[in-house]
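Student: I'd like to ask you about the structure that follows.
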Amino acid sequence: MAPLIAPSILAADFANLQREVEMLNSSAADYIHVDIMDGVFVPNISFGIPVTEAIQRHAKKPLDVHLMIENPDNYLEDFRKAGAEVISVHYEACTHLHRTLQAIHSLGAKAGVAINPHTPVELLSDVIQDIDQVIVMSVNPGFGGQKFIENTYSKVARLKDLILAKGSNTKIEIDGGVNLNNAPKLLAAGADILVAGSFVFNSPDPVLTIHQLKSIELV
Ligand code: DX5
Ligand code: ZN
């Protein structure tokens with residue numbers, strides 16, 4: 001099956017957001033990945049609810065909102081109203097993860113959990129059936145354009161085994177440093193969704209790059 005592609009708007013030209021969203025509308029992208037950073041959970045600030053709303057006004061693809069923030073429970077409803085179809089919180093930011101996942105579902109959104117590079121997939125074992133997607137961070141969250149962490153492949157394979165063992169439908173999304181070199185190996189390990197920021201937006205033809213990612217064949 002072809003991978004789902006979620007270009008990250010973090011790498012777009014913010015002065016031309018409408019144009020960038022329209023470019024994604026015209027591409028093979030399946031989602032628009034929206035990175036929210038609060039300067040506390042991660043050492044960077046991106047943008048918040050009004051900008052997410054502005055993206056949504058032009059988007060014809062579902063918004064995949066990745067909350068890299070402390071206390072995400074306080075903002076779930078706001079991001080849902082701003083157009084998020086998938087809301088992902090960080091495992092490391094949630095004391096009561098099961099409750100947070102229920103809150104996301106009660107808003108009618110899909111629920112995701114992102115895990116930092118140091119967080120073992122096994123920690124999700126008891127909630128995996130409540131998670132629509134796990135975002136495996138393949139860089140330390142906070143910035144686009146970082147180098148892919150090689151340990152991600154074995155982590156994805158372990159997560160896939162866990163999902164299958166539990167009979168869950170959870171999808172695996174990879175976020176950080178994804179490109180055409182590592183994508184085939186990630187898909188072979190069990191990934192379903194690929195986030196790509198700088199690789200898409202810094203390429204000469206982002207629509208073509210998205211098409212190339214989408215066209216990767218599993219060997
Ligand atoms: C990192 C973000 C990523 C980032 C990916 O904190 O969560 O979504 O935008 O960007 P690239 O593909 O450039 O690593
Ligand atoms: Zn992200």
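Every chain in the structure tokens has a letter given in the order shown (A, B, ...), and although residue numbers restart at 1 in each chain, ligands are simply numbered from 1 in the order shown.
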Determine, counting only C-alpha atoms, which protein, DNA and RNA residues have an atom within 9 Å of an atom of Met37 of chain A; residues of the same chain fewer than 2 positions away are not included. Present the result as a PDB file with C-alpha atoms, in the first residue's frame.

Tutor:
ATOM      1  CA  ASP A  35       3.739  21.664  14.273  1.00  0.00           C
ATOM      2  CA  GLY A  39       8.956  27.247  23.905  1.00  0.00           C
ATOM      3  CA  VAL A  40       8.569  25.157  27.089  1.00  0.00           C
ATOM      4  CA  PHE A  41       8.151  21.520  26.074  1.00  0.00           C
ATOM      5  CA  VAL A  42      10.543  22.204  23.189  1.00  0.00           C
ATOM      6  CA  PRO A  43      13.155  24.944  22.886  1.00  0.00           C
ATOM      7  CA  ASN A  44      11.389  26.755  20.043  1.00  0.00           C
ATOM      8  CA  ILE A  45       8.139  28.622  19.376  1.00  0.00           C
ATOM      9  CA  SER A  46       6.319  28.073  16.091  1.00  0.00           C
ATOM     10  CA  PHE A  47       2.750  29.404  15.923  1.00  0.00           C
ATOM     11  CA  GLY A  48      -0.610  28.747  17.545  1.00  0.00           C
ATOM     12  CA  HIS A  66       1.318  17.813  16.412  1.00  0.00           C
ATOM     13  CA  LEU A  67       1.256  19.484  19.822  1.00  0.00           C
ATOM     14  CA  MET A  68       4.765  19.920  21.209  1.00  0.00           C
ATOM     15  CA  ILE A  69       3.418  21.716  24.251  1.00  0.00           C
ATOM     16  CA  PRO A 141      11.420  17.739  18.491  1.00  0.00           C
ATOM     17  CA  GLY A 142      11.736  21.516  18.222  1.00  0.00           C
TER      18      GLY A 142
END

Student: With only C-alpha atoms and all ligand atoms counted, collect every polymer residue having an atom within 6 Å of ligand 1; state the result as a ChimeraX atom specification.

Tutor: /A:8,10,35,141-146,175-178,196-199

Student: Those residues with N, CA and C atoms, as a PDB file, in the first residue's frame please?

Tutor:
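New file result04.pdb:
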ATOM      1  N   SER A   8       5.126  18.896   6.350  1.00  0.00           N
ATOM      2  CA  SER A   8       5.063  19.774   7.523  1.00  0.00           C
ATOM      3  C   SER A   8       5.129  21.234   7.096  1.00  0.00           C
ATOM      4  N   LEU A  10       5.651  23.649   8.814  1.00  0.00           N
ATOM      5  CA  LEU A  10       6.696  24.388   9.539  1.00  0.00           C
ATOM      6  C   LEU A  10       7.797  24.868   8.594  1.00  0.00           C
ATOM      7  N   ASP A  35       2.879  21.787  13.089  1.00  0.00           N
ATOM      8  CA  ASP A  35       3.739  21.664  14.273  1.00  0.00           C
ATOM      9  C   ASP A  35       3.536  22.839  15.220  1.00  0.00           C
ATOM     10  N   PRO A 141      12.365  16.751  18.983  1.00  0.00           N
ATOM     11  CA  PRO A 141      11.420  17.739  18.491  1.00  0.00           C
ATOM     12  C   PRO A 141      11.854  19.171  18.826  1.00  0.00           C
ATOM     13  N   GLY A 142      11.456  20.094  17.977  1.00  0.00           N
ATOM     14  CA  GLY A 142      11.736  21.516  18.222  1.00  0.00           C
ATOM     15  C   GLY A 142      12.143  22.267  16.965  1.00  0.00           C
ATOM     16  N   PHE A 143      12.736  21.561  16.021  1.00  0.00           N
ATOM     17  CA  PHE A 143      13.248  22.241  14.828  1.00  0.00           C
ATOM     18  C   PHE A 143      13.087  21.352  13.601  1.00  0.00           C
ATOM     19  N   GLY A 144      12.847  22.008  12.470  1.00  0.00           N
ATOM     20  CA  GLY A 144      12.906  21.288  11.203  1.00  0.00           C
ATOM     21  C   GLY A 144      14.351  21.173  10.753  1.00  0.00           C
ATOM     22  N   GLY A 145      14.581  20.362   9.742  1.00  0.00           N
ATOM     23  CA  GLY A 145      15.899  20.300   9.110  1.00  0.00           C
ATOM     24  C   GLY A 145      16.979  19.578   9.878  1.00  0.00           C
ATOM     25  N   GLN A 146      16.612  18.746  10.851  1.00  0.00           N
ATOM     26  CA  GLN A 146      17.633  18.022  11.623  1.00  0.00           C
ATOM     27  C   GLN A 146      17.928  16.661  11.000  1.00  0.00           C
ATOM     28  N   ASP A 175       8.398  11.212  12.024  1.00  0.00           N
ATOM     29  CA  ASP A 175       8.522  12.665  11.972  1.00  0.00           C
ATOM     30  C   ASP A 175       9.948  13.118  12.279  1.00  0.00           C
ATOM     31  N   GLY A 176      10.591  13.674  11.250  1.00  0.00           N
ATOM     32  CA  GLY A 176      11.912  14.276  11.432  1.00  0.00           C
ATOM     33  C   GLY A 176      12.959  13.691  10.509  1.00  0.00           C
ATOM     34  N   GLY A 177      13.481  14.540   9.636  1.00  0.00           N
ATOM     35  CA  GLY A 177      14.594  14.118   8.781  1.00  0.00           C
ATOM     36  C   GLY A 177      14.231  13.077   7.733  1.00  0.00           C
ATOM     37  N   VAL A 178      12.949  12.977   7.405  1.00  0.00           N
ATOM     38  CA  VAL A 178      12.532  11.961   6.424  1.00  0.00           C
ATOM     39  C   VAL A 178      12.885  12.445   5.014  1.00  0.00           C
ATOM     40  N   ALA A 196       7.229  15.081   6.193  1.00  0.00           N
ATOM     41  CA  ALA A 196       8.456  15.622   5.591  1.00  0.00           C
ATOM     42  C   ALA A 196       8.309  17.135   5.496  1.00  0.00           C
ATOM     43  N   GLY A 197       9.261  17.833   6.099  1.00  0.00           N
ATOM     44  CA  GLY A 197       9.237  19.292   6.090  1.00  0.00           C
ATOM     45  C   GLY A 197      10.245  19.856   5.119  1.00  0.00           C
ATOM     46  N   SER A 198      11.493  19.963   5.566  1.00  0.00           N
ATOM     47  CA  SER A 198      12.506  20.610   4.726  1.00  0.00           C
ATOM     48  C   SER A 198      12.747  19.841   3.428  1.00  0.00           C
ATOM     49  N   PHE A 199      12.638  18.509   3.482  1.00  0.00           N
ATOM     50  CA  PHE A 199      12.888  17.748   2.246  1.00  0.00           C
ATOM     51  C   PHE A 199      11.886  18.133   1.154  1.00  0.00           C
TER      52      PHE A 199
END

Student: Fewer than 6 positions away in the same chain doesn't count, so skip those; otherwise give me all residues within 9 Å of segment 183-185 of chain A, counting only C-alpha atoms, as a VMD selection string.

Tutor: chain A and resid 153 191 194 213 216 to 219

Student: Could you write those residues out with N, CA and C atoms, as a JSON list (two decimals), in the first residue's frame?

Tutor:
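Once written, part38.json looks like this:
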[["chain", "number", "residue", "atom", "x", "y", "z"],
["A", 153, "TYR", "N", 14.64, 2.92, 12.90],
["A", 153, "TYR", "CA", 14.17, 1.74, 12.16],
["A", 153, "TYR", "C", 13.77, 0.61, 13.10],
["A", 191, "ALA", "N", 6.24, 1.57, 8.88],
["A", 191, "ALA", "CA", 5.65, 2.92, 8.92],
["A", 191, "ALA", "C", 4.50, 3.03, 7.92],
["A", 194, "LEU", "N", 4.38, 9.29, 6.50],
["A", 194, "LEU", "CA", 5.68, 9.98, 6.53],
["A", 194, "LEU", "C", 5.45, 11.48, 6.60],
["A", 213, "LEU", "N", 7.64, 10.73, -2.90],
["A", 213, "LEU", "CA", 7.50, 10.05, -1.60],
["A", 213, "LEU", "C", 6.28, 9.12, -1.63],
["A", 216, "ILE", "N", 6.73, 5.60, -3.50],
["A", 216, "ILE", "CA", 7.69, 4.58, -3.07],
["A", 216, "ILE", "C", 7.00, 3.22, -3.00],
["A", 217, "GLU", "N", 7.63, 2.25, -3.65],
["A", 217, "GLU", "CA", 7.07, 0.89, -3.65],
["A", 217, "GLU", "C", 7.72, 0.09, -2.54],
["A", 218, "LEU", "N", 6.92, -0.67, -1.86],
["A", 218, "LEU", "CA", 7.47, -1.56, -0.84],
["A", 218, "LEU", "C", 8.09, -2.77, -1.52],
["A", 219, "VAL", "N", 9.35, -3.06, -1.15],
["A", 219, "VAL", "CA", 10.00, -4.23, -1.77],
["A", 219, "VAL", "C", 9.83, -5.46, -0.91]]

Student: Near Leu17 of chain A, counting only C-alpha atoms, which residues have an atom at most 9 Å away, once you skip same-chain residues fewer than 5 positions from it, shown as a list in words?

Tutor: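 The residues that qualify are Ile9, Ala12, Glu22, Ala54 and Ile55 of chain A.
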
Student: Find the residues around Ala157 of chain A up to 9 Å (only C-alpha atoms counted), leave out those fewer than 5 positions away in its own chain, and share them as a short mmCIF file (atom, residue, chain, number, x, y, z; two decimals) with C-alpha atoms, in the first residue's frame.

Tutor:
data_model
loop_
_atom_site.label_atom_id
_atom_site.label_comp_id
_atom_site.auth_asym_id
_atom_site.auth_seq_id
_atom_site.Cartn_x
_atom_site.Cartn_y
_atom_site.Cartn_z
CA THR A 152 14.31 4.78 14.47
CA LEU A 162 3.38 -4.40 19.49
CA LEU A 186 10.97 3.11 7.23
CA ALA A 188 9.68 -1.75 5.23
CA ALA A 189 9.94 -1.54 9.04
CA GLY A 190 6.20 -0.84 9.31
CA ALA A 191 5.65 2.92 8.92
#

Student: Just the residues within 10 Å of Gln18 of chain A, please, counting only C-alpha atoms, with nothing from its chain fewer than 2 positions along; format it as number ranges by chain.

Tutor: A: 13-16, 20-24, 54-59

Student: Ranking A:Thr170, A:Asn116, A:Asn25, A:Asn151 by minimum distance to ligand 2 and counting only C-alpha atoms and all ligand atoms, which one comes first?

Tutor: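 That would be A:Asn116, the residue with the smallest distance to ligand 2.
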
Student: Which is closest to ligand 2 among A:Asn181, A:Gln133, A:Ser88, A:Ser27, if we use only C-alpha atoms and all ligand atoms?

Tutor: A:Ser88

Student: Of the candidates A:His105, A:Gly83, A:Arg99, A:Ser138, which one gets nearest to ligand 2 if we count only C-alpha atoms and all ligand atoms?

Tutor: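 Smallest separation from ligand 2 among the options: A:Ser138.
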
Student: Enter the distance from atom CA of Glu92 of chain A to atom CA of Ala114 of chain A, in Å, rounded to one decimal.

Tutor: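 So the two atoms, atom CA of Glu92 of chain A and atom CA of Ala114 of chain A, lie 8.4 Å apart.
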
Student: Can you list every residue in segment 44-160 of chain A that DSSP puts in strand (DSSP E or B), as an MDAnalysis selection string?

Tutor: chainID A and resid 45 63:68 84:90 110:115 133:137

Student: Restricting the output to N, CA and C atoms, write the selected residues as a PDB file, in the first residue's frame.

Tutor:
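Result saved to part.pdb:
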ATOM      1  N   ILE A  45       9.540  28.208  19.466  1.00  0.00           N
ATOM      2  CA  ILE A  45       8.139  28.622  19.376  1.00  0.00           C
ATOM      3  C   ILE A  45       7.784  28.683  17.904  1.00  0.00           C
ATOM      4  N   LEU A  63      -5.995  18.393   8.568  1.00  0.00           N
ATOM      5  CA  LEU A  63      -4.869  18.881   9.374  1.00  0.00           C
ATOM      6  C   LEU A  63      -4.487  17.846  10.431  1.00  0.00           C
ATOM      7  N   ASP A  64      -3.210  17.529  10.439  1.00  0.00           N
ATOM      8  CA  ASP A  64      -2.599  16.587  11.377  1.00  0.00           C
ATOM      9  C   ASP A  64      -1.782  17.447  12.353  1.00  0.00           C
ATOM     10  N   VAL A  65      -2.400  17.758  13.499  1.00  0.00           N
ATOM     11  CA  VAL A  65      -1.800  18.742  14.414  1.00  0.00           C
ATOM     12  C   VAL A  65      -0.935  18.032  15.462  1.00  0.00           C
ATOM     13  N   HIS A  66       0.327  18.411  15.519  1.00  0.00           N
ATOM     14  CA  HIS A  66       1.318  17.813  16.412  1.00  0.00           C
ATOM     15  C   HIS A  66       1.630  18.822  17.520  1.00  0.00           C
ATOM     16  N   LEU A  67       1.095  18.548  18.704  1.00  0.00           N
ATOM     17  CA  LEU A  67       1.256  19.484  19.822  1.00  0.00           C
ATOM     18  C   LEU A  67       2.538  19.183  20.590  1.00  0.00           C
ATOM     19  N   MET A  68       3.529  20.028  20.422  1.00  0.00           N
ATOM     20  CA  MET A  68       4.765  19.920  21.209  1.00  0.00           C
ATOM     21  C   MET A  68       4.671  20.969  22.309  1.00  0.00           C
ATOM     22  N   ALA A  84      -8.369  20.871  13.425  1.00  0.00           N
ATOM     23  CA  ALA A  84      -7.560  19.650  13.513  1.00  0.00           C
ATOM     24  C   ALA A  84      -8.430  18.404  13.346  1.00  0.00           C
ATOM     25  N   GLU A  85      -8.040  17.516  12.432  1.00  0.00           N
ATOM     26  CA  GLU A  85      -8.739  16.221  12.303  1.00  0.00           C
ATOM     27  C   GLU A  85      -8.031  15.152  13.122  1.00  0.00           C
ATOM     28  N   VAL A  86      -6.708  15.304  13.222  1.00  0.00           N
ATOM     29  CA  VAL A  86      -5.920  14.435  14.087  1.00  0.00           C
ATOM     30  C   VAL A  86      -5.198  15.353  15.074  1.00  0.00           C
ATOM     31  N   ILE A  87      -5.273  15.003  16.356  1.00  0.00           N
ATOM     32  CA  ILE A  87      -4.536  15.772  17.365  1.00  0.00           C
ATOM     33  C   ILE A  87      -3.580  14.814  18.063  1.00  0.00           C
ATOM     34  N   SER A  88      -2.285  15.124  17.980  1.00  0.00           N
ATOM     35  CA  SER A  88      -1.290  14.290  18.653  1.00  0.00           C
ATOM     36  C   SER A  88      -0.662  15.059  19.799  1.00  0.00           C
ATOM     37  N   VAL A  89      -0.584  14.387  20.937  1.00  0.00           N
ATOM     38  CA  VAL A  89       0.064  14.954  22.121  1.00  0.00           C
ATOM     39  C   VAL A  89       1.348  14.155  22.367  1.00  0.00           C
ATOM     40  N   HIS A  90       2.247  14.720  23.162  1.00  0.00           N
ATOM     41  CA  HIS A  90       3.465  13.986  23.484  1.00  0.00           C
ATOM     42  C   HIS A  90       3.267  13.124  24.719  1.00  0.00           C
ATOM     43  N   LYS A 110      -9.278  12.313  15.653  1.00  0.00           N
ATOM     44  CA  LYS A 110      -8.436  11.131  15.857  1.00  0.00           C
ATOM     45  C   LYS A 110      -7.333  11.501  16.847  1.00  0.00           C
ATOM     46  N   ALA A 111      -6.922  10.513  17.639  1.00  0.00           N
ATOM     47  CA  ALA A 111      -5.951  10.788  18.703  1.00  0.00           C
ATOM     48  C   ALA A 111      -4.599  10.170  18.384  1.00  0.00           C
ATOM     49  N   GLY A 112      -3.566  10.996  18.483  1.00  0.00           N
ATOM     50  CA  GLY A 112      -2.199  10.512  18.270  1.00  0.00           C
ATOM     51  C   GLY A 112      -1.343  10.733  19.500  1.00  0.00           C
ATOM     52  N   VAL A 113      -0.309   9.897  19.612  1.00  0.00           N
ATOM     53  CA  VAL A 113       0.685  10.082  20.675  1.00  0.00           C
ATOM     54  C   VAL A 113       2.054  10.113  20.031  1.00  0.00           C
ATOM     55  N   ALA A 114       2.811  11.175  20.321  1.00  0.00           N
ATOM     56  CA  ALA A 114       4.187  11.287  19.819  1.00  0.00           C
ATOM     57  C   ALA A 114       5.151  10.854  20.910  1.00  0.00           C
ATOM     58  N   ILE A 115       6.192  10.136  20.493  1.00  0.00           N
ATOM     59  CA  ILE A 115       7.209   9.724  21.471  1.00  0.00           C
ATOM     60  C   ILE A 115       8.573  10.248  21.037  1.00  0.00           C
ATOM     61  N   GLN A 133      -2.867   6.989  15.978  1.00  0.00           N
ATOM     62  CA  GLN A 133      -1.533   6.997  15.357  1.00  0.00           C
ATOM     63  C   GLN A 133      -0.467   7.298  16.409  1.00  0.00           C
ATOM     64  N   VAL A 134       0.657   6.618  16.264  1.00  0.00           N
ATOM     65  CA  VAL A 134       1.835   6.939  17.077  1.00  0.00           C
ATOM     66  C   VAL A 134       2.792   7.712  16.182  1.00  0.00           C
ATOM     67  N   ILE A 135       3.246   8.875  16.656  1.00  0.00           N
ATOM     68  CA  ILE A 135       4.290   9.601  15.928  1.00  0.00           C
ATOM     69  C   ILE A 135       5.623   9.210  16.552  1.00  0.00           C
ATOM     70  N   VAL A 136       6.419   8.484  15.795  1.00  0.00           N
ATOM     71  CA  VAL A 136       7.760   8.147  16.261  1.00  0.00           C
ATOM     72  C   VAL A 136       8.677   9.293  15.836  1.00  0.00           C
ATOM     73  N   MET A 137       9.187  10.026  16.829  1.00  0.00           N
ATOM     74  CA  MET A 137      10.073  11.153  16.507  1.00  0.00           C
ATOM     75  C   MET A 137      11.438  10.596  16.100  1.00  0.00           C
TER      76      MET A 137
END

Student: Going by DSSP on the backbone, which bits of segment 39-97 of chain A are alpha helix (DSSP H)? Write them as number ranges by chain, please.

Tutor: A: 49-58, 76-81, 97

Student: Could you save the residues just selected, with C-alpha atoms, as a PDB file, in the first residue's frame?

Tutor:
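part34.pdb, freshly written:
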ATOM      1  CA  ILE A  49      -4.362  28.643  17.139  1.00  0.00           C
ATOM      2  CA  PRO A  50      -5.050  31.667  14.853  1.00  0.00           C
ATOM      3  CA  VAL A  51      -2.451  30.528  12.325  1.00  0.00           C
ATOM      4  CA  THR A  52      -3.847  26.982  12.421  1.00  0.00           C
ATOM      5  CA  GLU A  53      -7.295  28.443  11.693  1.00  0.00           C
ATOM      6  CA  ALA A  54      -5.865  30.425   8.785  1.00  0.00           C
ATOM      7  CA  ILE A  55      -4.305  27.260   7.344  1.00  0.00           C
ATOM      8  CA  GLN A  56      -7.609  25.443   7.726  1.00  0.00           C
ATOM      9  CA  ARG A  57      -9.483  28.169   5.821  1.00  0.00           C
ATOM     10  CA  HIS A  58      -7.536  27.291   2.659  1.00  0.00           C
ATOM     11  CA  LEU A  76      -7.470  20.349  22.688  1.00  0.00           C
ATOM     12  CA  GLU A  77     -10.830  22.001  22.091  1.00  0.00           C
ATOM     13  CA  ASP A  78      -9.233  25.132  20.593  1.00  0.00           C
ATOM     14  CA  PHE A  79      -7.235  23.111  18.087  1.00  0.00           C
ATOM     15  CA  ARG A  80     -10.236  20.969  17.229  1.00  0.00           C
ATOM     16  CA  LYS A  81     -12.230  24.160  16.543  1.00  0.00           C
ATOM     17  CA  LEU A  97      -2.456   9.982  28.866  1.00  0.00           C
TER      18      LEU A  97
END
